[in-house]
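Novice: Just one file: final03.txt, with compact mmCIF, C-alpha atoms.
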# COMPACT_ATOMS: atom_id res chain seq x y z
CA MET A 1314 137.61 87.68 9.80
CA ALA A 1315 136.75 84.12 8.80
CA SER A 1316 133.22 83.38 7.66
CA THR A 1317 132.61 81.30 10.79
CA ASP A 1318 133.26 84.43 12.89
CA ILE A 1319 130.36 86.35 11.37
CA GLY A 1320 127.48 86.86 13.77
CA ILE A 1321 129.13 85.53 16.93
CA ASP A 1322 127.51 87.37 19.84
CA VAL A 1323 129.47 85.78 22.68
CA THR A 1324 132.86 84.11 22.91
CA VAL A 1325 133.19 81.96 26.02
CA ARG A 1326 136.79 81.21 26.94
CA GLY A 1327 136.93 78.13 29.12
CA ALA A 1328 134.99 74.89 28.72
CA GLY A 1329 134.57 73.95 32.36
CA ILE A 1330 131.28 73.99 34.22
CA PHE A 1331 131.05 77.81 34.38
CA GLY A 1332 131.91 78.39 30.72
CA LEU A 1333 129.70 75.61 29.35
CA SER A 1334 126.74 76.60 31.56
CA ILE A 1335 126.94 80.25 30.51
CA ALA A 1336 127.18 79.21 26.87
CA TRP A 1337 124.08 77.04 27.31
CA ILE A 1338 121.92 79.78 28.81
CA CYS A 1339 123.12 82.35 26.26
CA VAL A 1340 122.21 79.98 23.44
CA MET A 1341 118.82 79.27 24.98
CA ARG A 1342 118.20 83.02 24.91
CA GLY A 1343 118.95 83.18 21.21
CA ALA A 1344 122.58 84.30 21.18
CA LYS A 1345 125.14 82.88 18.78
CA VAL A 1346 127.94 81.51 20.94
CA ARG A 1347 131.33 79.97 20.46
CA VAL A 1348 133.29 78.18 23.21
CA VAL A 1349 137.08 78.22 23.12
CA ASP A 1350 139.37 76.11 25.28
CA PRO A 1351 142.86 75.00 24.20
CA ASN A 1352 142.63 71.92 26.41
CA GLY A 1353 139.12 70.85 25.42
CA PRO A 1354 135.93 70.53 27.52
CA GLY A 1355 136.22 69.47 31.16
CA ALA A 1356 140.00 69.39 31.04
CA GLY A 1357 140.47 71.07 34.42
CA SER A 1358 138.78 70.56 37.76
CA SER A 1359 135.37 70.33 36.06
CA GLY A 1360 136.47 66.96 34.70
CA GLY A 1361 136.63 65.49 38.20
CA ILE A 1362 134.66 62.74 39.90
CA VAL A 1363 133.20 63.99 43.21
CA GLY A 1364 130.23 66.28 42.46
CA ALA A 1365 128.74 67.13 45.87
CA LEU A 1366 126.01 69.72 45.37
CA ALA A 1367 125.45 70.46 49.04
CA PRO A 1368 123.87 73.57 50.56
CA HIS A 1369 125.38 75.89 53.11
CA VAL A 1370 123.91 75.48 56.58
CA PRO A 1371 120.55 77.27 57.02
CA GLU A 1372 121.71 79.94 59.46
CA ASN A 1373 123.43 83.36 59.37
CA TRP A 1374 121.71 83.88 56.02
CA ASN A 1375 123.43 86.03 53.41
CA ALA A 1376 123.41 86.71 49.67
CA LYS A 1377 125.81 83.87 48.90
CA LYS A 1378 123.63 81.30 50.67
CA ALA A 1379 120.46 82.68 49.07
CA PHE A 1380 122.08 82.56 45.62
CA GLN A 1381 123.15 78.96 46.17
CA LEU A 1382 119.66 77.98 47.36
CA ASP A 1383 118.10 79.43 44.22
CA SER A 1384 120.64 77.62 42.06
CA LEU A 1385 120.16 74.25 43.75
CA LEU A 1386 116.40 74.57 43.32
CA MET A 1387 116.89 75.42 39.62
CA ALA A 1388 119.23 72.50 38.99
CA GLU A 1389 116.74 69.75 38.18
CA GLY A 1390 115.11 71.74 35.39
CA PHE A 1391 118.45 73.00 34.11
CA TRP A 1392 119.93 69.51 33.72
CA ARG A 1393 116.71 68.06 32.34
CA ASP A 1394 116.77 70.62 29.52
CA VAL A 1395 120.45 69.91 28.81
CA GLU A 1396 119.85 66.15 28.66
CA THR A 1397 116.80 66.54 26.44
CA ALA A 1398 118.74 68.67 23.93
CA GLY A 1399 121.84 66.51 23.68
CA GLY A 1400 120.67 63.05 24.65
CA VAL A 1401 123.52 62.54 27.12
CA ALA A 1402 122.88 61.87 30.82
CA ALA A 1403 124.40 64.43 33.18
CA GLY A 1404 124.44 62.26 36.30
CA TYR A 1405 122.32 64.69 38.28
CA GLY A 1406 120.19 63.40 41.13
CA ARG A 1407 118.68 65.17 44.12
CA THR A 1408 119.26 62.23 46.44
CA GLY A 1409 119.89 64.18 49.65
CA ARG A 1410 122.65 63.96 52.22
CA LEU A 1411 123.38 62.37 55.60
CA GLN A 1412 125.71 63.83 58.24
CA VAL A 1413 126.82 62.33 61.55
CA LEU A 1414 125.69 63.86 64.85
CA ALA A 1415 128.57 63.21 67.22
CA ASP A 1416 127.24 64.52 70.56
CA ASP A 1417 124.48 66.40 72.36
CA ARG A 1418 125.83 69.79 71.30
CA ALA A 1419 125.69 68.73 67.66
CA ILE A 1420 122.13 67.52 68.14
CA ASP A 1421 121.04 70.86 69.65
CA LEU A 1422 122.68 72.73 66.76
CA ALA A 1423 121.00 70.46 64.21
CA LYS A 1424 117.60 71.16 65.80
CA ALA A 1425 118.18 74.92 65.53
CA ARG A 1426 119.22 74.53 61.90
CA ALA A 1427 116.11 72.48 61.16
CA LYS A 1428 114.06 75.49 62.23
CA GLY A 1429 116.24 77.69 60.04
CA ALA A 1430 115.67 75.44 57.04
CA ALA A 1431 111.92 75.51 57.62
CA ASP A 1432 112.04 79.32 57.43
CA LEU A 1433 114.62 79.76 54.67
CA TRP A 1434 114.25 76.86 52.25
CA GLN A 1435 110.80 77.94 51.05
CA GLY A 1436 109.17 74.63 51.99
CA ARG A 1437 110.96 72.97 49.08
CA ALA A 1438 113.44 70.92 51.11
CA ILE A 1439 113.88 69.76 54.69
CA TRP A 1440 116.65 69.43 57.26
CA GLU A 1441 115.80 66.88 59.92
CA ILE A 1442 117.25 64.50 62.51
CA VAL A 1443 116.83 60.78 61.79
CA SER A 1444 118.07 57.54 63.31
CA THR A 1445 120.99 55.73 61.72
CA GLU A 1446 119.04 52.47 61.58
CA SER A 1447 116.24 54.10 59.57
CA GLN A 1448 118.58 54.98 56.68
CA GLY A 1449 119.63 51.55 55.45
CA ALA A 1450 122.96 50.06 54.46
CA PHE A 1451 124.52 53.27 53.13
CA ALA A 1452 124.22 55.13 56.45
CA PRO A 1453 127.41 55.89 58.40
CA SER A 1454 127.76 54.86 62.03
CA SER A 1455 127.08 57.63 64.54
CA PRO A 1456 128.09 57.86 68.22
CA THR A 1457 124.62 59.17 69.07
CA GLY A 1458 122.76 56.85 66.71
CA LEU A 1459 121.45 59.98 64.97
CA LEU A 1460 122.10 61.71 61.67
CA ILE A 1461 121.16 64.92 59.89
CA ARG A 1462 119.22 64.28 56.70
CA ASP A 1463 118.58 67.03 54.21
CA THR A 1464 116.67 66.76 50.95
CA LEU A 1465 118.23 69.77 49.19
CA SER A 1466 121.63 68.19 48.50
CA ALA A 1467 122.16 66.64 45.10
CA ARG A 1468 124.91 64.73 43.35
CA MET A 1469 126.53 65.30 39.99
CA PHE A 1470 129.21 63.38 38.10
CA PRO A 1471 131.30 66.37 36.96
CA ARG A 1472 132.87 65.05 33.76
CA GLN A 1473 129.58 63.44 32.74
CA ALA A 1474 127.81 66.78 33.27
CA CYS A 1475 130.36 68.54 31.06
CA ALA A 1476 129.83 65.90 28.37
CA ALA A 1477 126.06 66.46 28.59
CA LEU A 1478 126.52 70.22 28.17
CA VAL A 1479 128.84 69.70 25.20
CA ALA A 1480 126.25 67.44 23.55
CA GLY A 1481 123.46 69.92 24.24
CA LEU A 1482 125.47 72.86 22.89
CA GLN A 1483 126.50 70.99 19.77
CA ALA A 1484 122.88 70.02 19.16
CA LYS A 1485 122.12 73.75 19.21
CA GLY A 1486 124.85 74.44 16.64
CA VAL A 1487 127.51 75.79 19.01
CA GLU A 1488 131.12 75.47 17.90
CA ILE A 1489 133.47 74.23 20.64
CA THR A 1490 137.05 74.71 19.51
CA LYS A 1491 140.61 74.89 20.82
CA ASP A 1492 141.47 78.16 19.11
CA ALA A 1493 139.50 81.10 17.73
CA PRO A 1494 139.61 84.91 17.88
CA ASP A 1495 137.55 87.00 20.27
CA CYS A 1496 134.21 87.93 18.72
CA GLY A 1497 131.37 89.79 20.36
CA SER A 1498 131.35 89.90 24.13
CA VAL A 1499 134.04 87.74 25.73
CA ILE A 1500 133.48 85.77 28.94
CA TRP A 1501 136.57 84.44 30.69
CA ALA A 1502 135.82 81.26 32.64
CA THR A 1503 139.36 79.98 32.61
CA GLY A 1504 139.85 78.38 36.02
CA TYR A 1505 142.74 78.95 38.36
CA GLU A 1506 145.06 80.03 35.54
CA GLY A 1507 142.52 82.76 34.77
CA LEU A 1508 142.51 83.93 38.38
CA ARG A 1509 146.29 84.18 38.24
CA GLN A 1510 146.12 86.14 34.98
CA LEU A 1511 143.52 88.52 36.36
CA SER A 1512 145.65 89.13 39.45
CA GLU A 1513 148.71 89.75 37.27
CA ASP A 1514 146.90 92.14 34.95
CA THR A 1515 145.37 94.23 37.72
CA GLY A 1516 148.09 94.03 40.37
CA ARG A 1517 145.52 92.79 42.90
CA LEU A 1518 145.13 89.31 44.33
CA PHE A 1519 141.85 87.82 43.08
CA GLY A 1520 142.52 84.17 43.87
CA ASP A 1521 144.53 81.09 43.00
CA GLY A 1522 144.26 77.34 42.69
CA VAL A 1523 143.78 74.68 45.35
CA LYS A 1524 144.64 71.13 44.36
CA GLY A 1525 142.28 68.32 45.29
CA GLN A 1526 142.64 64.55 45.12
CA SER A 1527 139.82 62.02 45.09
CA VAL A 1528 139.11 58.35 44.47
CA LEU A 1529 136.39 56.54 42.53
CA LEU A 1530 135.16 53.11 43.66
CA LYS A 1531 132.95 50.57 41.95
CA HIS A 1532 129.97 50.16 44.27
CA PRO A 1533 126.37 50.37 43.02
CA ALA A 1534 124.18 52.56 45.23
CA PRO A 1535 122.58 54.91 42.66
CA ASP A 1536 119.67 56.00 44.84
CA ALA A 1537 121.57 56.37 48.12
CA PRO A 1538 122.19 59.81 49.66
CA GLN A 1539 125.61 61.36 49.72
CA LEU A 1540 127.46 61.35 53.04
CA PHE A 1541 129.47 64.06 54.75
CA VAL A 1542 131.47 62.55 57.58
CA ASP A 1543 134.21 64.49 59.41
CA GLY A 1544 135.00 66.60 56.37
CA LEU A 1545 134.89 63.69 53.92
CA HIS A 1546 132.48 63.53 50.97
CA ILE A 1547 131.16 60.13 49.90
CA ILE A 1548 129.06 60.45 46.76
CA PRO A 1549 127.12 57.54 45.18
CA HIS A 1550 126.71 58.14 41.46
CA ALA A 1551 124.04 56.94 39.06
CA ASN A 1552 126.56 54.89 37.06
CA GLY A 1553 127.32 52.41 39.86
CA THR A 1554 130.35 54.18 41.30
CA VAL A 1555 131.05 55.99 44.57
CA ALA A 1556 133.37 59.00 44.73
CA ILE A 1557 135.49 59.77 47.79
CA GLY A 1558 136.93 63.24 48.21
CA SER A 1559 138.71 65.39 48.64
CA THR A 1560 141.99 66.91 49.77
CA SER A 1561 142.85 70.62 49.75
CA GLU A 1562 146.45 71.41 48.87
CA ARG A 1563 147.74 74.94 48.38
CA ASN A 1564 151.31 73.88 47.63
CA PHE A 1565 151.91 71.37 44.87
CA ASP A 1566 154.36 70.62 42.08
CA ASP A 1567 152.23 68.48 39.80
CA PRO A 1568 148.56 69.53 39.52
CA THR A 1569 147.37 66.13 38.27
CA ALA A 1570 149.53 63.71 40.31
CA THR A 1571 148.00 61.53 43.01
CA ASP A 1572 149.87 60.29 46.05
CA ALA A 1573 149.46 58.75 49.50
CA GLN A 1574 146.77 61.28 50.38
CA CYS A 1575 144.38 59.15 48.31
CA ASP A 1576 145.19 56.21 50.57
CA GLU A 1577 144.22 58.34 53.56
CA LEU A 1578 140.94 59.27 51.90
CA LEU A 1579 140.19 55.59 51.38
CA LYS A 1580 141.02 54.71 54.98
CA ARG A 1581 138.67 57.39 56.26
CA ALA A 1582 135.95 56.25 53.87
CA TYR A 1583 136.25 52.62 54.99
CA ASP A 1584 136.05 53.73 58.63
CA ALA A 1585 132.94 55.78 57.90
CA LEU A 1586 131.22 53.15 55.76
CA PRO A 1587 132.77 49.65 56.08
CA ILE A 1588 130.74 48.24 53.16
CA LEU A 1589 133.08 50.16 50.83
CA ALA A 1590 136.17 48.24 51.97
CA GLU A 1591 135.70 45.51 49.36
CA ALA A 1592 134.90 47.88 46.51
CA GLN A 1593 137.20 47.94 43.49
CA ILE A 1594 139.21 51.13 42.98
CA VAL A 1595 138.32 52.48 39.55
CA GLU A 1596 140.34 55.70 39.47
CA ARG A 1597 142.50 58.07 41.47
CA TRP A 1598 142.09 61.67 40.31
CA ALA A 1599 143.74 65.02 41.00
CA GLY A 1600 143.12 68.51 39.69
CA VAL A 1601 143.30 72.17 40.68
CA ARG A 1602 140.15 74.07 41.60
CA PRO A 1603 139.87 77.87 41.21
CA ARG A 1604 139.44 79.56 44.59
CA ALA A 1605 138.61 83.26 44.62
CA LYS A 1606 140.00 85.28 47.49
CA SER A 1607 136.47 85.82 48.81
CA ARG A 1608 135.57 82.08 48.49
CA ALA A 1609 132.50 83.21 46.52
CA PRO A 1610 132.22 83.00 42.73
CA LEU A 1611 133.85 85.95 40.98
CA LEU A 1612 131.43 87.47 38.46
CA GLY A 1613 131.23 90.67 36.44
CA GLN A 1614 133.09 92.91 34.03
CA TRP A 1615 136.84 92.59 33.64
CA PRO A 1616 138.28 95.82 35.09
CA ASP A 1617 139.33 98.23 32.31
CA ARG A 1618 138.51 95.76 29.50
CA SER A 1619 135.39 96.85 27.71
CA GLY A 1620 133.21 93.97 26.55
CA HIS A 1621 135.12 91.41 28.59
CA TYR A 1622 133.69 89.58 31.62
CA ILE A 1623 134.84 87.22 34.37
CA ALA A 1624 133.09 84.08 35.64
CA ASN A 1625 135.45 82.17 37.89
CA GLY A 1626 136.20 80.93 41.39
CA GLY A 1627 133.61 78.20 41.83
CA PHE A 1628 135.76 76.48 44.47
CA LYS A 1629 133.87 73.38 45.77
CA ILE A 1630 130.48 74.92 44.89
CA GLY A 1631 130.85 75.51 41.16
CA PHE A 1632 128.43 72.82 39.97
CA GLY A 1633 125.86 73.82 42.56
CA MET A 1634 126.13 77.52 41.67
CA ALA A 1635 126.26 77.01 37.89
CA PRO A 1636 122.55 77.19 36.92
CA LYS A 1637 121.85 80.57 38.52
CA MET A 1638 125.33 81.91 37.81
CA ALA A 1639 124.75 81.24 34.11
CA HIS A 1640 121.47 83.17 34.13
CA VAL A 1641 123.04 86.11 35.98
CA MET A 1642 125.94 86.28 33.52
CA ALA A 1643 123.57 86.03 30.54
CA ASP A 1644 121.52 88.88 32.03
CA LEU A 1645 124.65 91.01 32.30
CA VAL A 1646 126.23 90.20 28.93
CA LEU A 1647 123.17 89.98 26.70
CA GLU A 1648 120.81 92.47 28.34
CA GLY A 1649 122.99 94.78 30.39
CA HIS A 1650 121.04 93.84 33.50
CA ASP A 1651 123.42 93.61 36.47
CA ALA A 1652 122.11 91.26 39.17
CA VAL A 1653 125.51 90.14 40.44
CA PRO A 1654 125.48 89.99 44.27
CA GLU A 1655 127.81 92.49 45.91
CA GLU A 1656 129.88 89.68 47.46
CA PHE A 1657 130.59 88.25 44.00
CA ARG A 1658 131.70 91.40 42.21
CA VAL A 1659 135.14 91.57 40.61
CA THR A 1660 135.58 95.17 41.75
CA ASP A 1661 134.90 94.32 45.40
CA ILE A 1662 137.78 91.87 45.97
Once you've parsed the file, please lay out its structure as structure tokens.
Specialist:
Amino acid sequence: MASTDIGIDVTVRGAGIFGLSIAWICVMRGAKVRVVDPNGPGAGSSGGIVGALAPHVPENWNAKKAFQLDSLLMAEGFWRDVETAGGVAAGYGRTGRLQVLADDRAIDLAKARAKGAADLWQGRAIWEIVSTESQGAFAPSSPTGLLIRDTLSARMFPRQACAALVAGLQAKGVEITKDAPDCGSVIWATGYEGLRQLSEDTGRLFGDGVKGQSVLLKHPAPDAPQLFVDGLHIIPHANGTVAIGSTSERNFDDPTATDAQCDELLKRAYDALPILAEAQIVERWAGVRPRAKSRAPLLGQWPDRSGHYIANGGFKIGFGMAPKMAHVMADLVLEGHDAVPEEFRVTDI
């Protein structure tokens, strides 16, 4: 055992949002942690550009929605602490979200959900109906002239957030390396490849990867809300860019190649918000996101591997779930306290 291995309490394998967030909370609780990823931090889907931290609709309440609500409400403090430690901005902002109301049925449903939000969101955020004209230049057109506005949604620039976590961890003395042995408890947060490996090892399907493509435009609107229009996310970032995303592709040959689907994303974005049509294209991005079979994060002990744990499957909601997920995993690994929701358990897939 090398001298640098002495005293390691937790080895985190995977330096995406789940792995880095767990490492952060474990360190903040006094553990000695090492992060290992052969590809480096944010190399997978966590190095993307979209970053929509949007809540599930406030109805048909369940443990997954309650967990996400807690995590979204924790996010501001979580990212503030990370930024303070490392001095790198994470790109977090709770700027809200606008959604189009297409017809009378949608309006009635939005009114019912507003009542649900009033009951379920603890008075800490609202879901309301507003006029398009009241929301300024970054509001999408709406057939009814009305939009849903919620104040719980937040935005995050994924690769910037990973960089902030890396800086915070390094400021706390955490080694982030491409290769190292397992020491202490081992947490596997290894993305879609990890889901495939888990399925292979156990002979049960736990999940796989779904490719997504997105586009980044240069358009300064740092304080504007994100938009969700006909399945399309439009996310204004603090750095003067706007992200457009994303596709969902189960069959793909090249996980990082972009194609004409990006052009279709752009067309839909221009239709939704014409002021983007003149914006410069900064980047086209593609990556594969880990999707658990249950569509919920997959958390808990690795079956039949003592001292090994799984934290994976944050498909589309990974950044939003990360703050609370990290606390729950730290509870389990460091203290033996199991607060993993039943829907998230590895053994229940």
Novice: Of the candidates A:Val1555, A:Ala1484, A:Leu1385, A:Leu1411, which shows the shortest atom-to-atom distance to A:Ala1438, using only C-alpha atoms?
Specialist: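 Of the candidates, the smallest distance to A:Ala1438 is held by A:Leu1385.
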Novice: Considering all atoms listed in the file, can you say which of A:Trp1501, A:Phe1565, A:Phe1331, A:Tyr1583 comes closest to A:Gln1614?
Specialist: A:Trp1501
Novice: What does the distance from atom CA of A:Trp1615 to atom CA of A:Thr1515 come to in Å, to one decimal?
Specialist: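 A separation of 9.6 Å between them.
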Novice: When you count all atoms listed in the file, which of these residues is closest to A:Ala1551: A:Cys1575, A:Lys1428, A:Leu1482, A:Tyr1405?
Specialist: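 Result for the nearest residue to A:Ala1551: A:Tyr1405.
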Novice: Identify the residues within 10 Å of coordinate (141.4, 71.4, 33.9) (same frame as the file), considering only C-alpha atoms, and give the answer as a short mmCIF file (atom, residue, chain, number, x, y, z; two decimals) with C-alpha atoms, in the coordinates of the input.
Specialist:
data_model
loop_
_atom_site.label_atom_id
_atom_site.label_comp_id
_atom_site.auth_asym_id
_atom_site.auth_seq_id
_atom_site.Cartn_x
_atom_site.Cartn_y
_atom_site.Cartn_z
CA GLY A 1327 136.93 78.13 29.12
CA ALA A 1328 134.99 74.89 28.72
CA GLY A 1329 134.57 73.95 32.36
CA ASN A 1352 142.63 71.92 26.41
CA GLY A 1353 139.12 70.85 25.42
CA PRO A 1354 135.93 70.53 27.52
CA GLY A 1355 136.22 69.47 31.16
CA ALA A 1356 140.00 69.39 31.04
CA GLY A 1357 140.47 71.07 34.42
CA SER A 1358 138.78 70.56 37.76
CA SER A 1359 135.37 70.33 36.06
CA GLY A 1360 136.47 66.96 34.70
CA GLY A 1361 136.63 65.49 38.20
CA THR A 1503 139.36 79.98 32.61
CA GLY A 1504 139.85 78.38 36.02
CA TYR A 1505 142.74 78.95 38.36
CA GLU A 1506 145.06 80.03 35.54
CA PRO A 1568 148.56 69.53 39.52
CA THR A 1569 147.37 66.13 38.27
CA ALA A 1599 143.74 65.02 41.00
CA GLY A 1600 143.12 68.51 39.69
CA VAL A 1601 143.30 72.17 40.68
CA ARG A 1602 140.15 74.07 41.60
CA PRO A 1603 139.87 77.87 41.21
#
Novice: What's the 12 Å shell around A:Asp1576, counting all atoms listed in the file, without same-chain residues fewer than 2 positions away, as number ranges by chain?
Specialist: A: 1526-1529, 1557-1560, 1571-1574, 1578-1583, 1594, 1597
